[in-house]
file run_37.cif (mmCIF, C-alpha atoms)
data_run
#
loop_
_atom_site.label_atom_id
_atom_site.label_comp_id
_atom_site.auth_asym_id
_atom_site.auth_seq_id
_atom_site.Cartn_x
_atom_site.Cartn_y
_atom_site.Cartn_z
CA MET A 1 -2.69 0.75 -6.63
CA ASP A 2 -4.85 3.88 -6.75
CA TYR A 3 -5.39 5.83 -3.57
CA SER A 4 -5.45 9.44 -2.48
CA LEU A 5 -4.23 10.43 0.95
CA LYS A 6 -6.55 12.55 3.04
CA GLN A 7 -5.43 16.09 3.92
CA THR A 8 -3.75 15.39 7.24
CA GLY A 9 -1.91 12.32 6.02
CA ARG A 10 -0.91 13.95 2.75
CA ALA A 11 0.41 17.09 4.46
CA ALA A 12 2.29 15.05 7.07
CA MET A 13 3.89 12.77 4.45
CA GLU A 14 4.88 15.77 2.34
CA PHE A 15 6.36 17.45 5.40
CA ALA A 16 8.34 14.34 6.32
CA GLY A 17 9.45 13.89 2.72
CA ASP A 18 10.71 17.46 2.37
CA PHE A 19 12.58 17.06 5.65
CA GLY A 20 15.16 15.02 3.77
CA GLY A 21 16.02 18.04 1.66
CA ILE A 22 16.80 20.07 4.77
CA GLY A 23 18.91 17.22 6.11
CA ALA A 24 20.96 17.10 2.90
CA ARG A 25 21.70 20.82 3.13
CA VAL A 26 22.69 20.62 6.78
CA ARG A 27 24.86 17.59 6.07
CA ALA A 28 26.73 19.63 3.46
CA GLN A 29 27.31 22.28 6.14
CA VAL A 30 28.67 19.60 8.49
CA GLY A 31 30.99 18.40 5.74
CA ALA A 32 32.26 21.94 5.21
CA GLU A 33 32.86 22.32 8.95
CA MET A 34 34.77 19.06 9.05
CA ALA A 35 37.11 20.39 6.39
CA ALA A 36 37.37 23.80 8.05
CA ARG A 37 38.37 22.16 11.33
CA GLY A 38 41.07 20.11 9.68
CA LEU A 39 39.24 16.79 9.30
CA THR A 40 40.47 15.66 5.91
CA GLU A 41 41.40 12.40 4.24
CA LYS A 42 44.89 12.78 5.67
CA THR A 43 43.87 13.60 9.23
CA LEU A 44 40.78 11.43 9.70
CA ALA A 45 41.69 8.38 11.80
CA ALA A 46 42.31 5.17 9.89
CA ASP A 47 40.30 3.10 12.36
CA LEU A 48 36.57 3.61 11.85
CA ASP A 49 35.67 3.59 15.56
CA GLU A 50 38.39 6.11 16.29
CA ARG A 51 37.13 8.20 13.38
CA LEU A 52 33.57 8.28 14.71
CA ALA A 53 34.82 9.52 18.09
CA GLN A 54 37.22 11.97 16.42
CA VAL A 55 34.47 13.64 14.37
CA ASP A 56 32.09 13.70 17.32
CA ARG A 57 34.75 15.28 19.53
CA THR A 58 35.85 17.82 16.94
CA LEU A 59 32.32 18.92 16.00
CA GLY A 60 30.93 18.72 19.53
CA ASP A 61 30.20 22.47 19.61
CA SER A 62 29.06 22.71 15.99
CA THR A 63 25.52 23.98 15.49
CA ALA A 64 25.30 22.23 12.12
CA TYR A 65 26.38 18.90 13.64
CA ALA A 66 23.74 19.24 16.37
CA ALA A 67 21.08 20.31 13.88
CA PHE A 68 21.83 17.33 11.65
CA ALA A 69 21.45 14.98 14.61
CA MET A 70 18.19 16.65 15.62
CA LEU A 71 16.70 16.52 12.13
CA THR A 72 17.68 12.97 11.27
CA GLU A 73 16.62 11.72 14.69
CA TRP A 74 13.18 13.17 14.18
CA SER A 75 12.90 11.60 10.73
CA GLY A 76 14.09 8.26 12.04
CA ARG A 77 11.59 8.19 14.86
CA ASN A 78 8.62 9.60 13.04
CA HIS A 79 8.54 8.59 9.37
CA GLY A 80 7.02 5.18 10.09
CA ARG A 81 4.56 6.57 12.58
CA ILE A 82 3.42 9.30 10.19
CA ALA A 83 2.94 6.78 7.38
CA GLN A 84 0.92 4.49 9.64
CA SER A 85 -1.29 7.41 10.68
CA ALA A 86 -1.77 8.39 7.04
CA PHE A 87 -2.88 4.83 6.32
CA ASP A 88 -5.22 4.70 9.30
CA GLU A 89 -6.91 7.87 8.07
CA LEU A 90 -7.59 6.05 4.78
CA ARG A 91 -8.39 2.68 6.28
CA PRO A 92 -12.21 2.72 5.96
CA ASP A 93 -11.95 3.29 2.19
CA LEU A 94 -8.82 1.32 1.50
CA GLN A 95 -9.03 -1.82 3.58
CA PRO A 96 -11.84 -3.47 1.58
CA LYS A 97 -9.93 -2.86 -1.65
CA LEU A 98 -6.72 -4.28 -0.20
CA GLU A 99 -8.50 -7.35 1.14
CA SER A 100 -10.11 -7.91 -2.23
CA LEU A 101 -6.79 -7.55 -4.05
CA GLN A 102 -5.18 -10.06 -1.74
CA GLN A 103 -7.94 -12.63 -2.07
CA GLN A 104 -8.62 -12.44 -5.78
CA GLY A 105 -5.84 -13.31 -8.18
CA PRO A 106 -3.27 -15.88 -9.15
CA ALA A 107 -0.47 -15.07 -6.65
CA THR A 108 -0.10 -17.39 -3.66
CA ILE A 109 1.56 -17.24 -0.24
CA GLU A 110 2.82 -20.40 1.41
CA ARG A 111 4.17 -20.41 4.96
CA ARG A 112 7.24 -22.64 4.90
CA LEU A 113 9.32 -21.26 7.71
CA ARG A 114 11.51 -24.04 9.12
CA GLY A 115 11.72 -23.14 12.79
CA PRO A 116 11.27 -19.81 14.60
CA LEU A 117 11.86 -16.46 12.94
CA PRO A 118 15.63 -15.77 12.83
CA HIS A 119 17.04 -13.38 15.45
CA TYR A 120 17.99 -10.75 12.87
CA PHE A 121 14.34 -10.29 11.96
CA ASN A 122 13.58 -8.76 15.36
CA HIS A 123 15.34 -5.46 14.68
CA TRP A 124 13.35 -2.43 13.63
CA ILE A 125 15.27 -2.05 10.38
CA HIS A 126 15.26 1.57 9.16
CA ARG A 127 13.68 2.35 12.56
CA THR A 128 10.38 1.40 10.94
CA THR A 129 7.87 1.67 13.77
CA GLY A 130 7.09 -1.83 14.99
CA GLY A 131 9.40 -3.54 12.48
CA TRP A 132 8.29 -5.24 9.28
CA ASP A 133 5.22 -6.73 10.92
CA GLY A 134 4.47 -3.75 13.14
CA HIS A 135 1.15 -2.79 11.53
CA ASP A 136 -1.57 -4.97 10.07
CA TYR A 137 -1.01 -3.30 6.68
CA GLN A 138 2.72 -2.65 7.07
CA GLY A 139 3.32 -3.95 3.54
CA PHE A 140 1.20 -1.18 2.07
CA VAL A 141 2.54 1.35 4.57
CA HIS A 142 6.12 0.45 3.66
CA GLY A 143 5.74 -0.29 -0.02
CA GLU A 144 3.43 2.52 -1.03
CA LEU A 145 3.58 5.27 1.56
CA ILE A 146 7.17 5.09 2.80
CA HIS A 147 8.82 3.97 -0.43
CA ARG A 148 6.91 6.04 -2.95
CA GLU A 149 6.12 9.13 -0.88
CA TYR A 150 9.24 9.31 1.32
CA VAL A 151 12.22 7.21 0.21
CA ALA A 152 11.90 7.95 -3.50
CA ARG A 153 11.93 11.69 -2.76
CA ASN A 154 15.08 11.55 -0.68
CA TYR A 155 17.42 9.11 -2.39
CA PRO A 156 19.49 9.97 -5.44
CA GLY A 157 18.36 8.73 -8.82
CA ASP A 158 15.24 6.79 -9.73
CA ILE A 159 15.14 3.98 -7.17
CA PHE A 160 12.71 2.00 -9.32
CA ALA A 161 14.73 2.36 -12.53
CA GLN A 162 17.84 1.21 -10.64
CA ARG A 163 16.07 -2.05 -9.86
CA ARG A 164 15.35 -2.60 -13.55
CA GLU A 165 18.67 -1.50 -14.96
CA ILE A 166 20.79 -3.72 -12.72
CA LEU A 167 19.27 -6.73 -14.48
CA SER A 168 21.32 -5.84 -17.57
CA VAL A 169 24.26 -7.43 -15.73
CA LEU A 170 22.74 -10.86 -16.31
CA PRO A 171 23.94 -12.81 -19.35
CA ARG A 172 20.69 -14.68 -20.08
CA LYS A 173 17.11 -13.83 -20.96
CA ASP A 174 15.79 -17.39 -20.83
CA TYR A 175 15.52 -18.04 -17.10
CA ARG A 176 12.64 -20.41 -16.55
CA ARG A 177 12.33 -19.92 -12.81
CA ILE A 178 13.63 -16.99 -10.74
CA PHE A 179 13.86 -17.01 -6.96
CA GLU A 180 14.08 -13.68 -5.15
CA ILE A 181 15.31 -13.41 -1.56
CA GLY A 182 13.73 -10.57 0.41
CA THR A 183 10.75 -9.80 -1.81
CA SER A 184 9.37 -7.23 0.64
CA SER A 185 6.73 -5.06 -1.05
CA ALA A 186 7.80 -6.26 -4.51
CA HIS A 187 9.44 -3.23 -6.12
CA TYR A 188 12.30 -5.38 -7.45
CA THR A 189 10.01 -8.32 -8.14
CA LEU A 190 8.00 -6.18 -10.54
CA GLN A 191 11.16 -5.39 -12.49
CA LEU A 192 12.08 -9.08 -12.61
CA ALA A 193 8.65 -9.91 -13.96
CA ALA A 194 8.84 -7.16 -16.58
CA THR A 195 12.36 -8.07 -17.71
CA PHE A 196 11.81 -11.82 -17.78
CA PRO A 197 8.12 -12.14 -18.68
CA GLN A 198 8.41 -15.84 -19.50
CA ALA A 199 9.92 -16.76 -16.13
CA GLU A 200 8.07 -18.22 -13.18
CA ILE A 201 8.67 -15.91 -10.22
CA TRP A 202 9.23 -17.23 -6.72
CA GLY A 203 9.82 -14.82 -3.87
CA CYS A 204 10.45 -15.15 -0.17
CA ASP A 205 10.44 -12.95 2.87
CA LEU A 206 10.27 -13.43 6.61
CA SER A 207 7.52 -10.85 6.98
CA LEU A 208 4.00 -11.99 6.20
CA ARG A 209 2.82 -8.37 6.10
CA MET A 210 5.30 -7.65 3.31
CA LEU A 211 4.38 -10.79 1.39
CA GLU A 212 0.71 -9.81 1.58
CA GLN A 213 1.54 -6.54 -0.15
CA ALA A 214 3.59 -8.41 -2.76
CA GLN A 215 0.59 -10.64 -3.33
CA ARG A 216 -1.66 -7.61 -3.89
CA VAL A 217 0.86 -6.12 -6.30
CA ALA A 218 0.97 -9.37 -8.27
CA ASN A 219 -2.77 -9.96 -8.24
CA GLU A 220 -3.47 -6.45 -9.45
CA ARG A 221 -1.42 -7.27 -12.55
CA GLY A 222 -2.55 -10.88 -12.94
CA LEU A 223 0.91 -12.24 -12.12
CA ALA A 224 1.07 -15.77 -10.72
CA TRP A 225 3.94 -15.31 -8.31
CA LYS A 226 4.63 -18.01 -5.73
CA LEU A 227 5.47 -16.26 -2.48
CA TYR A 228 6.96 -18.06 0.48
CA GLN A 229 7.45 -17.09 4.09
CA LEU A 230 10.86 -18.62 4.64
CA ALA A 231 14.49 -17.70 5.26
CA GLY A 232 16.56 -17.32 2.10
CA GLU A 233 19.44 -19.17 3.73
CA ASP A 234 17.27 -22.20 4.47
CA THR A 235 14.62 -22.58 1.79
CA GLY A 236 13.86 -26.28 1.98
CA PHE A 237 13.55 -26.29 -1.82
CA ASP A 238 14.85 -29.21 -3.85
CA ALA A 239 18.38 -28.92 -5.20
CA ALA A 240 18.76 -27.60 -8.75
CA CYS A 241 15.23 -26.21 -9.12
CA VAL A 242 15.74 -22.56 -10.19
CA ASP A 243 17.77 -20.70 -12.82
CA LEU A 244 18.42 -17.36 -11.12
CA VAL A 245 18.68 -16.43 -7.45
CA THR A 246 18.63 -12.72 -6.81
CA SER A 247 18.14 -10.04 -4.20
CA TYR A 248 18.13 -6.26 -4.19
CA ILE A 249 19.28 -4.13 -1.25
CA VAL A 250 18.81 -7.00 1.19
CA MET A 251 22.34 -8.01 2.14
CA HIS A 252 22.91 -5.12 4.54
CA GLU A 253 19.72 -6.02 6.41
CA VAL A 254 21.14 -9.37 7.55
CA PRO A 255 24.37 -10.46 9.25
CA ALA A 256 27.28 -11.24 6.95
CA ASP A 257 27.15 -14.92 7.91
CA ILE A 258 23.56 -15.04 6.70
CA THR A 259 24.59 -13.59 3.34
CA ARG A 260 27.26 -16.28 3.05
CA ALA A 261 24.64 -18.90 3.93
CA GLN A 262 22.26 -17.44 1.32
CA MET A 263 24.97 -17.77 -1.30
CA ARG A 264 25.57 -21.42 -0.37
CA GLU A 265 21.83 -22.08 -0.47
CA ALA A 266 21.57 -20.30 -3.81
CA PHE A 267 24.31 -22.50 -5.23
CA ARG A 268 22.49 -25.58 -4.00
CA ILE A 269 19.09 -24.72 -5.46
CA LEU A 270 20.41 -23.36 -8.77
CA ARG A 271 20.38 -25.60 -11.77
CA PRO A 272 23.79 -26.02 -13.43
CA GLY A 273 24.30 -23.01 -15.67
CA GLY A 274 22.27 -20.80 -13.34
CA ASP A 275 23.19 -17.35 -12.05
CA LEU A 276 23.36 -15.40 -8.82
CA LEU A 277 22.86 -11.63 -8.64
CA PHE A 278 22.78 -9.85 -5.29
CA THR A 279 22.79 -6.04 -5.26
CA ASP A 280 23.42 -3.90 -2.23
CA VAL A 281 25.05 -0.81 -0.73
CA THR A 282 28.55 0.47 -1.49
CA ARG A 283 31.45 -1.54 -0.07
CA TYR A 284 33.37 0.31 2.60
CA ALA A 285 36.58 -0.56 0.75
CA ALA A 286 35.36 1.58 -2.17
CA LEU A 287 34.82 4.68 0.00
CA ASP A 288 37.27 7.28 1.23
CA ARG A 289 37.48 7.94 4.97
CA ALA A 290 34.86 10.68 4.98
CA GLY A 291 32.53 8.58 2.85
CA GLU A 292 32.93 5.63 5.16
CA PHE A 293 32.29 7.87 8.17
CA TRP A 294 29.01 9.10 6.69
CA ALA A 295 27.88 5.61 5.73
CA GLU A 296 28.60 4.35 9.22
CA TYR A 297 27.03 7.39 10.91
CA THR A 298 23.87 6.91 8.85
CA ALA A 299 23.80 3.21 9.62
CA ILE A 300 24.21 3.72 13.37
CA ASN A 301 21.42 6.26 13.52
CA GLY A 302 19.22 4.86 10.79
CA GLY A 303 18.36 1.44 12.20
CA GLU A 304 20.96 -0.57 10.30
CA PRO A 305 22.57 -2.94 12.82
CA PHE A 306 24.26 -5.12 10.17
CA TRP A 307 25.44 -2.46 7.73
CA ARG A 308 29.10 -2.37 8.80
CA GLU A 309 29.68 -6.11 8.62
CA ALA A 310 27.72 -6.29 5.38
CA ALA A 311 29.63 -3.43 3.77
CA ARG A 312 32.92 -5.01 4.80
CA LEU A 313 32.06 -8.49 3.54
CA ASP A 314 34.25 -9.52 0.62
CA LEU A 315 31.45 -10.46 -1.75
CA LYS A 316 33.73 -11.90 -4.42
CA GLN A 317 35.38 -14.22 -1.93
CA ALA A 318 32.04 -15.17 -0.38
CA ALA A 319 30.54 -16.06 -3.77
CA GLU A 320 33.60 -18.06 -4.77
CA ASP A 321 33.58 -19.85 -1.42
CA ALA A 322 30.00 -20.88 -2.17
CA GLY A 323 31.15 -22.42 -5.46
CA PHE A 324 30.35 -19.72 -8.00
CA VAL A 325 32.65 -18.94 -10.91
CA ASN A 326 33.09 -15.89 -13.16
CA VAL A 327 32.38 -13.82 -10.06
CA ARG A 328 32.14 -10.04 -10.36
CA SER A 329 31.83 -7.69 -7.39
CA GLU A 330 31.70 -4.07 -8.50
CA GLY A 331 29.75 -0.85 -8.62
CA PHE A 332 27.12 -0.79 -11.34
CA ARG A 333 28.31 1.00 -14.49
CA GLY A 334 31.41 2.26 -12.73
CA ALA A 335 29.51 4.03 -9.95
CA LYS A 336 29.88 3.16 -6.29
CA TYR A 337 26.16 2.62 -5.83
CA PRO A 338 24.44 0.29 -6.28
CA TRP A 339 27.03 -2.46 -5.80
CA PHE A 340 26.44 -5.94 -7.13
CA VAL A 341 27.93 -9.40 -6.94
CA TYR A 342 27.33 -11.78 -9.82
CA GLY A 343 28.27 -15.46 -9.95
CA HIS A 344 27.68 -18.40 -12.26
CA LYS A 345 27.08 -22.02 -11.36
CA PRO A 346 29.07 -24.15 -13.81
CA ALA A 347 27.01 -26.27 -16.20
CA MET B 348 24.63 1.49 25.62
CA ASN B 349 27.72 -0.67 26.07
CA ALA B 350 31.29 -0.01 24.99
CA LYS B 351 30.90 -2.19 21.92
CA ASP B 352 27.97 -0.16 20.64
CA PRO B 353 29.28 2.17 17.89
CA ALA B 354 26.68 4.73 18.92
CA ALA B 355 28.63 5.18 22.17
CA LEU B 356 31.42 6.70 20.10
CA LEU B 357 29.08 9.52 19.11
CA SER B 358 28.34 10.79 22.61
CA ARG B 359 27.70 14.44 21.63
CA ASP B 360 25.56 13.41 18.69
CA GLN B 361 23.60 11.01 20.86
CA ALA B 362 23.00 13.67 23.52
CA VAL B 363 21.26 15.86 20.94
CA ARG B 364 19.25 12.89 19.76
CA ALA B 365 18.08 12.22 23.31
CA ASP B 366 16.98 15.83 23.90
CA PRO B 367 13.17 15.85 24.17
CA ALA B 368 12.97 19.60 23.56
CA ALA B 369 14.60 19.21 20.16
CA GLN B 370 12.20 16.47 19.15
CA LEU B 371 9.20 18.36 20.49
CA ALA B 372 10.17 21.44 18.47
CA LEU B 373 10.12 19.44 15.25
CA THR B 374 6.90 17.66 16.14
CA LEU B 375 5.29 21.04 16.75
CA ALA B 376 6.67 22.25 13.43
CA LYS B 377 4.99 19.28 11.75
CA GLU B 378 1.69 19.99 13.53
CA LEU B 379 1.94 23.63 12.52
CA TRP B 380 2.44 22.65 8.90
CA LEU B 381 -0.62 20.38 8.97
CA LEU B 382 -2.74 23.34 10.06
CA ARG B 383 -1.22 25.73 7.54
CA ASP B 384 -1.78 23.16 4.79
CA ARG B 385 -5.39 22.75 5.89
CA GLN B 386 -5.93 26.50 5.99
CA ILE B 387 -4.55 26.92 2.47
CA VAL B 388 -6.84 24.13 1.30
CA LEU B 389 -9.82 25.74 3.03
CA GLU B 390 -9.11 29.16 1.54
CA ALA B 391 -8.71 27.68 -1.93
CA MET B 392 -12.01 25.84 -1.62
CA LEU B 393 -13.81 28.97 -0.42
CA THR B 394 -12.30 30.98 -3.28
CA GLU B 395 -13.70 28.38 -5.69
CA LYS B 396 -17.09 29.12 -4.11
CA GLY B 397 -16.63 32.87 -4.64
CA ILE B 398 -15.63 33.72 -1.07
CA THR B 399 -12.29 35.57 -0.84
CA SER B 400 -11.63 34.29 2.65
CA SER B 401 -7.96 35.24 2.82
CA GLU B 402 -8.72 38.94 2.41
CA LEU B 403 -11.71 38.71 4.74
CA ILE B 404 -9.58 37.04 7.45
CA ASP B 405 -6.82 39.60 7.10
CA ALA B 406 -9.25 42.49 7.48
CA TRP B 407 -11.46 41.00 10.18
CA GLN B 408 -11.02 42.11 13.80
CA PRO B 409 -11.96 39.59 16.48
CA THR B 410 -14.93 40.39 18.64
CA ALA B 411 -14.59 40.29 22.41
CA ALA B 412 -16.05 36.81 22.51
CA VAL B 413 -13.65 35.51 19.90
CA LYS B 414 -10.72 37.21 21.62
CA GLU B 415 -11.67 35.41 24.80
CA ARG B 416 -11.88 32.09 23.00
CA LEU B 417 -8.52 32.59 21.32
CA ALA B 418 -6.93 33.47 24.67
CA ARG B 419 -8.42 30.37 26.24
CA GLU B 420 -7.20 28.11 23.45
CA ARG B 421 -3.75 29.75 23.46
CA LYS B 422 -3.42 29.16 27.21
CA ARG B 423 -4.37 25.50 26.82
CA PHE B 424 -1.89 25.05 23.99
CA LEU B 425 0.96 26.64 25.96
CA GLU B 426 0.19 24.48 28.97
CA GLU B 427 0.51 21.40 26.77
CA VAL B 428 3.88 22.59 25.49
CA GLN B 429 5.06 23.27 29.04
CA SER B 430 3.82 19.88 30.17
CA ALA B 431 5.72 18.14 27.40
CA LEU B 432 8.94 19.76 28.60
CA SER B 433 8.43 19.09 32.30
CA PRO B 434 9.83 16.11 34.19
CA ALA B 435 7.35 13.43 35.12
CA PRO B 436 5.70 14.15 38.51
CA GLU B 437 6.95 12.17 41.48
CA PRO B 438 4.77 9.18 42.26
CA THR B 439 2.59 9.47 45.37
CA ARG B 440 4.29 7.83 48.35
#

call {"tool": "encode", "arguments": {"input": "run_37.cif", "output": "C-alpha cells"}}
result
Amino acid sequence: MDYSLKQTGRAAMEFAGDFGGIGARVRAQVGAEMAARGLTEKTLAADLDERLAQVDRTLGDSTAYAAFAMLTEWSGRNHGRIAQSAFDELRPDLQPKLESLQQQGPATIERRLRGPLPHYFNHWIHRTTGGWDGHDYQGFVHGELIHREYVARNYPGDIFAQRREILSVLPRKDYRRIFEIGTSSAHYTLQLAATFPQAEIWGCDLSLRMLEQAQRVANERGLAWKLYQLAGEDTGFDAACVDLVTSYIVMHEVPADITRAQMREAFRILRPGGDLLFTDVTRYAALDRAGEFWAEYTAINGGEPFWREAARLDLKQAAEDAGFVNVRSEGFRGAKYPWFVYGHKPA
Amino acid sequence: MNAKDPAALLSRDQAVRADPAAQLALTLAKELWLLRDRQIVLEAMLTEKGITSSELIDAWQPTAAVKERLARERKRFLEEVQSALSPAPEPTR
C-alpha cells in the first residue's frame, strides 16, 4: 500500500518511533539500579503483587525509574493520537484510494456477530486511542502507521518474519481451509496466504475497522479471503469445516476463559486430522522473577488488562481439555518468545 | 483505582505518570522536533535552489521590527506553557 507521510506526520511518527530507543536505554539503567539496590533473583518477592510493590518502594527515589515511567507514559498516551493525526494529514489523498481498494476485489466481509460485542472488546488495548474502532480508518492507522512505522522499530527481531517462520511448526502443507482468529490488519494472514497458497483463507475479528483494512490488503493482492465480524469463541460455523485454526499474538488480548472457549470452538469446527496453532507472548512460568516483573509492569502500563491471566494460562492443559492430542506448548526454536501451543484433532 | 488493581501497587510510578508537567515537557519536545525537522527540510530545499539559507540565517541580525515580532511570539508561547501548568480557574459562583 503505497503512501508517503507529509512532513508533520512523518516527523512526529519518527520522533515517537525513536522514543522507544530511549526507553530501552533507560530501562537498562533501571535494571542496573535494581541490582545495585539488592533486588536480585534471590531477594525479589516470590509473589508478583508483592514484587511490584517491592520494586516501586525500593526505586521510589530513582531518577531512572521516574524517567522510565515518564517516557513510557507519554508513548502510551500519544502513539495512537500521533498516528491518527498523521493519517488525517494524508486523508484527502489517501481516502479515495482506500475506498477503492476496499470496494474492488475478491475479498469479502460478512457481519455474523451473534449478540452484542463481548465485554473484553471495550478496552483500549495497547492504549490505542479510541480502541480498535476509534477512528474511521483505524485499520490503516494501526496496520500501516503504528505497526510498520512504530512497533516494528521498537520490538526485537523482524515481527513480520516471525509470523511466517512460526508456521514451520505445522506438520502439513495441504490445508484446504484455514480459519484465523483475530485477523486485525492482516499481517499474519498475509503469511498464511503465502505459506499455504492453495488454502482458502477465512479470518475473523470483532473490529470492523480492522477487517476493512484486511480486506484492502487482500484486494490489493487479488486474494479472495472471507472475512467475518464474529467472536472466535462463538463462530456459528458448521462443525468440521476447516483444517487449521490459528491465531498470532491474540491470546493475551482476551481473558483466559475466552482462550479456552476458542480452543473448544476450534476443536468443534476442525475436520478430523486438523490442527490448532496459537502463538502468543512468553509464559510467566518461563521467566525469572525480574523478567516476570518487567512483563507485568509493561502490561499494567501498556493497556494489557488480560496479559497476566493469559501468560499464566497452562496452554498445554487448556488444549488437551479441549480435546487436542500431541499438544506442544513451548517457545519457538528454544527461545522464550514467541510462545506457541500446537494441537492435533485425531482423525 | 481499587485495591485489586495491580497499578495501585506501583504508587510511585503512577504518581510520575499522572504528573502533567512531565507529559507537557515531552509533548513540547515533540513539537520542537517537528519544527526542527521542518527547518532542516526547508534549508535543504533552498540549498537545492542555490540559496545557502543556513549560513544566511546564522549571519543575519534581526531588524527592530523582527525583534519586536519575535518578542511578541515568545511571550505568547510562554503564556501557553504557563497556562498548561496552571490549575483550572474556579468556576464563577

call {"tool": "residues_around", "arguments": {"input": "run_37.cif", "residues": "A:Val26", "least_positions_apart": "6", "cutoff": "10 Å", "atoms": "all atoms listed in the file", "output": "number ranges by chain"}}
result
A: 20, 32, 63-69, 71

call {"tool": "residues_around", "arguments": {"input": "run_37.cif", "residues": "stretch 418-432 of chain B", "least_positions_apart": "4", "cutoff": "10 Å", "atoms": "all atoms listed in the file", "output": "PyMOL selection string"}}
result
chain B and resi 367-368+371-372+375+412-414

call {"tool": "write_last_selection", "arguments": {"input": "run_37.cif", "atoms": "C-alpha atoms", "output": "mmCIF file, in the frame of the given file"}}
result
data_model
loop_
_atom_site.group_PDB
_atom_site.id
_atom_site.type_symbol
_atom_site.label_atom_id
_atom_site.label_comp_id
_atom_site.auth_asym_id
_atom_site.auth_seq_id
_atom_site.Cartn_x
_atom_site.Cartn_y
_atom_site.Cartn_z
ATOM 1 C CA PRO B 367 13.170 15.850 24.170
ATOM 2 C CA ALA B 368 12.970 19.600 23.560
ATOM 3 C CA LEU B 371 9.200 18.360 20.490
ATOM 4 C CA ALA B 372 10.170 21.440 18.470
ATOM 5 C CA LEU B 375 5.290 21.040 16.750
ATOM 6 C CA ALA B 412 -16.050 36.810 22.510
ATOM 7 C CA VAL B 413 -13.650 35.510 19.900
ATOM 8 C CA LYS B 414 -10.720 37.210 21.620
#

call {"tool": "interface_residues", "arguments": {"input": "run_37.cif", "of": "chain A", "to": "chain B", "cutoff": "8 Å", "atoms": "all atoms listed in the file", "output": "list of chain:residue names"}}
result
A:Gln7, A:Thr8, A:Ala11, A:Ala12, A:Phe15, A:Asp49, A:Glu50, A:Leu52, A:Ala53, A:Asp56, A:Arg57, A:Gly60, A:Tyr65, A:Ala66, A:Ala69, A:Met70, A:Leu71, A:Glu73, A:Trp74, A:Ile300, A:Asn301

call {"tool": "closest_residue", "arguments": {"input": "run_37.cif", "among": "A:Ala199, A:Leu170, A:Val217, A:Ala318", "to": "A:Ser184", "atoms": "all atoms listed in the file"}}
result
A:Val217

call {"tool": "resolve_selection", "arguments": {"input": "run_37.cif", "expression": "the PyMOL selection byres ((chain A and resi 335-343) around 6)", "output": "list in words"}}
result
Asp275, Leu276, Leu277, Phe278, Thr279, Asp280, Val281, Thr282, Phe324, Val325, Asn326, Val327, Arg328, Ser329, Glu330, Gly331, Phe332, Arg333, Gly334 and His344 of chain A

call {"tool": "residues_around", "arguments": {"input": "run_37.cif", "residues": "A:Met34", "least_positions_apart": "5", "cutoff": "10 Å", "atoms": "all atoms listed in the file", "output": "PDB file with C-alpha atoms, in the frame of the given file"}}
result
ATOM      1  CA  ALA A  28      26.730  19.630   3.460  1.00  0.00           C
ATOM      2  CA  GLN A  29      27.310  22.280   6.140  1.00  0.00           C
ATOM      3  CA  LEU A  39      39.240  16.790   9.300  1.00  0.00           C
ATOM      4  CA  THR A  40      40.470  15.660   5.910  1.00  0.00           C
ATOM      5  CA  LEU A  44      40.780  11.430   9.700  1.00  0.00           C
ATOM      6  CA  VAL A  55      34.470  13.640  14.370  1.00  0.00           C
ATOM      7  CA  THR A  58      35.850  17.820  16.940  1.00  0.00           C
ATOM      8  CA  LEU A  59      32.320  18.920  16.000  1.00  0.00           C
ATOM      9  CA  SER A  62      29.060  22.710  15.990  1.00  0.00           C
ATOM     10  CA  TYR A  65      26.380  18.900  13.640  1.00  0.00           C
ATOM     11  CA  ALA A 290      34.860  10.680   4.980  1.00  0.00           C
TER      12      ALA A 290
END

call {"tool": "atom_distance", "arguments": {"input": "run_37.cif", "atom1": "atom CA of A:Thr129", "atom2": "atom CA of A:Asn78"}}
result
8.0 Å

call {"tool": "closest_residue", "arguments": {"input": "run_37.cif", "among": "A:Glu292, A:Leu117, A:Lys173, A:Ala310", "to": "A:Ala46", "atoms": "all atoms listed in the file"}}
result
A:Glu292

call {"tool": "closest_residue", "arguments": {"input": "run_37.cif", "among": "A:Ala218, A:Gly38, A:Ala161, A:Gln198", "to": "A:Gln54", "atoms": "only C-alpha atoms"}}
result
A:Gly38

call {"tool": "atom_distance", "arguments": {"input": "run_37.cif", "atom1": "atom CA of A:Leu211", "atom2": "atom CA of A:Glu89"}}
result
22.8 Å
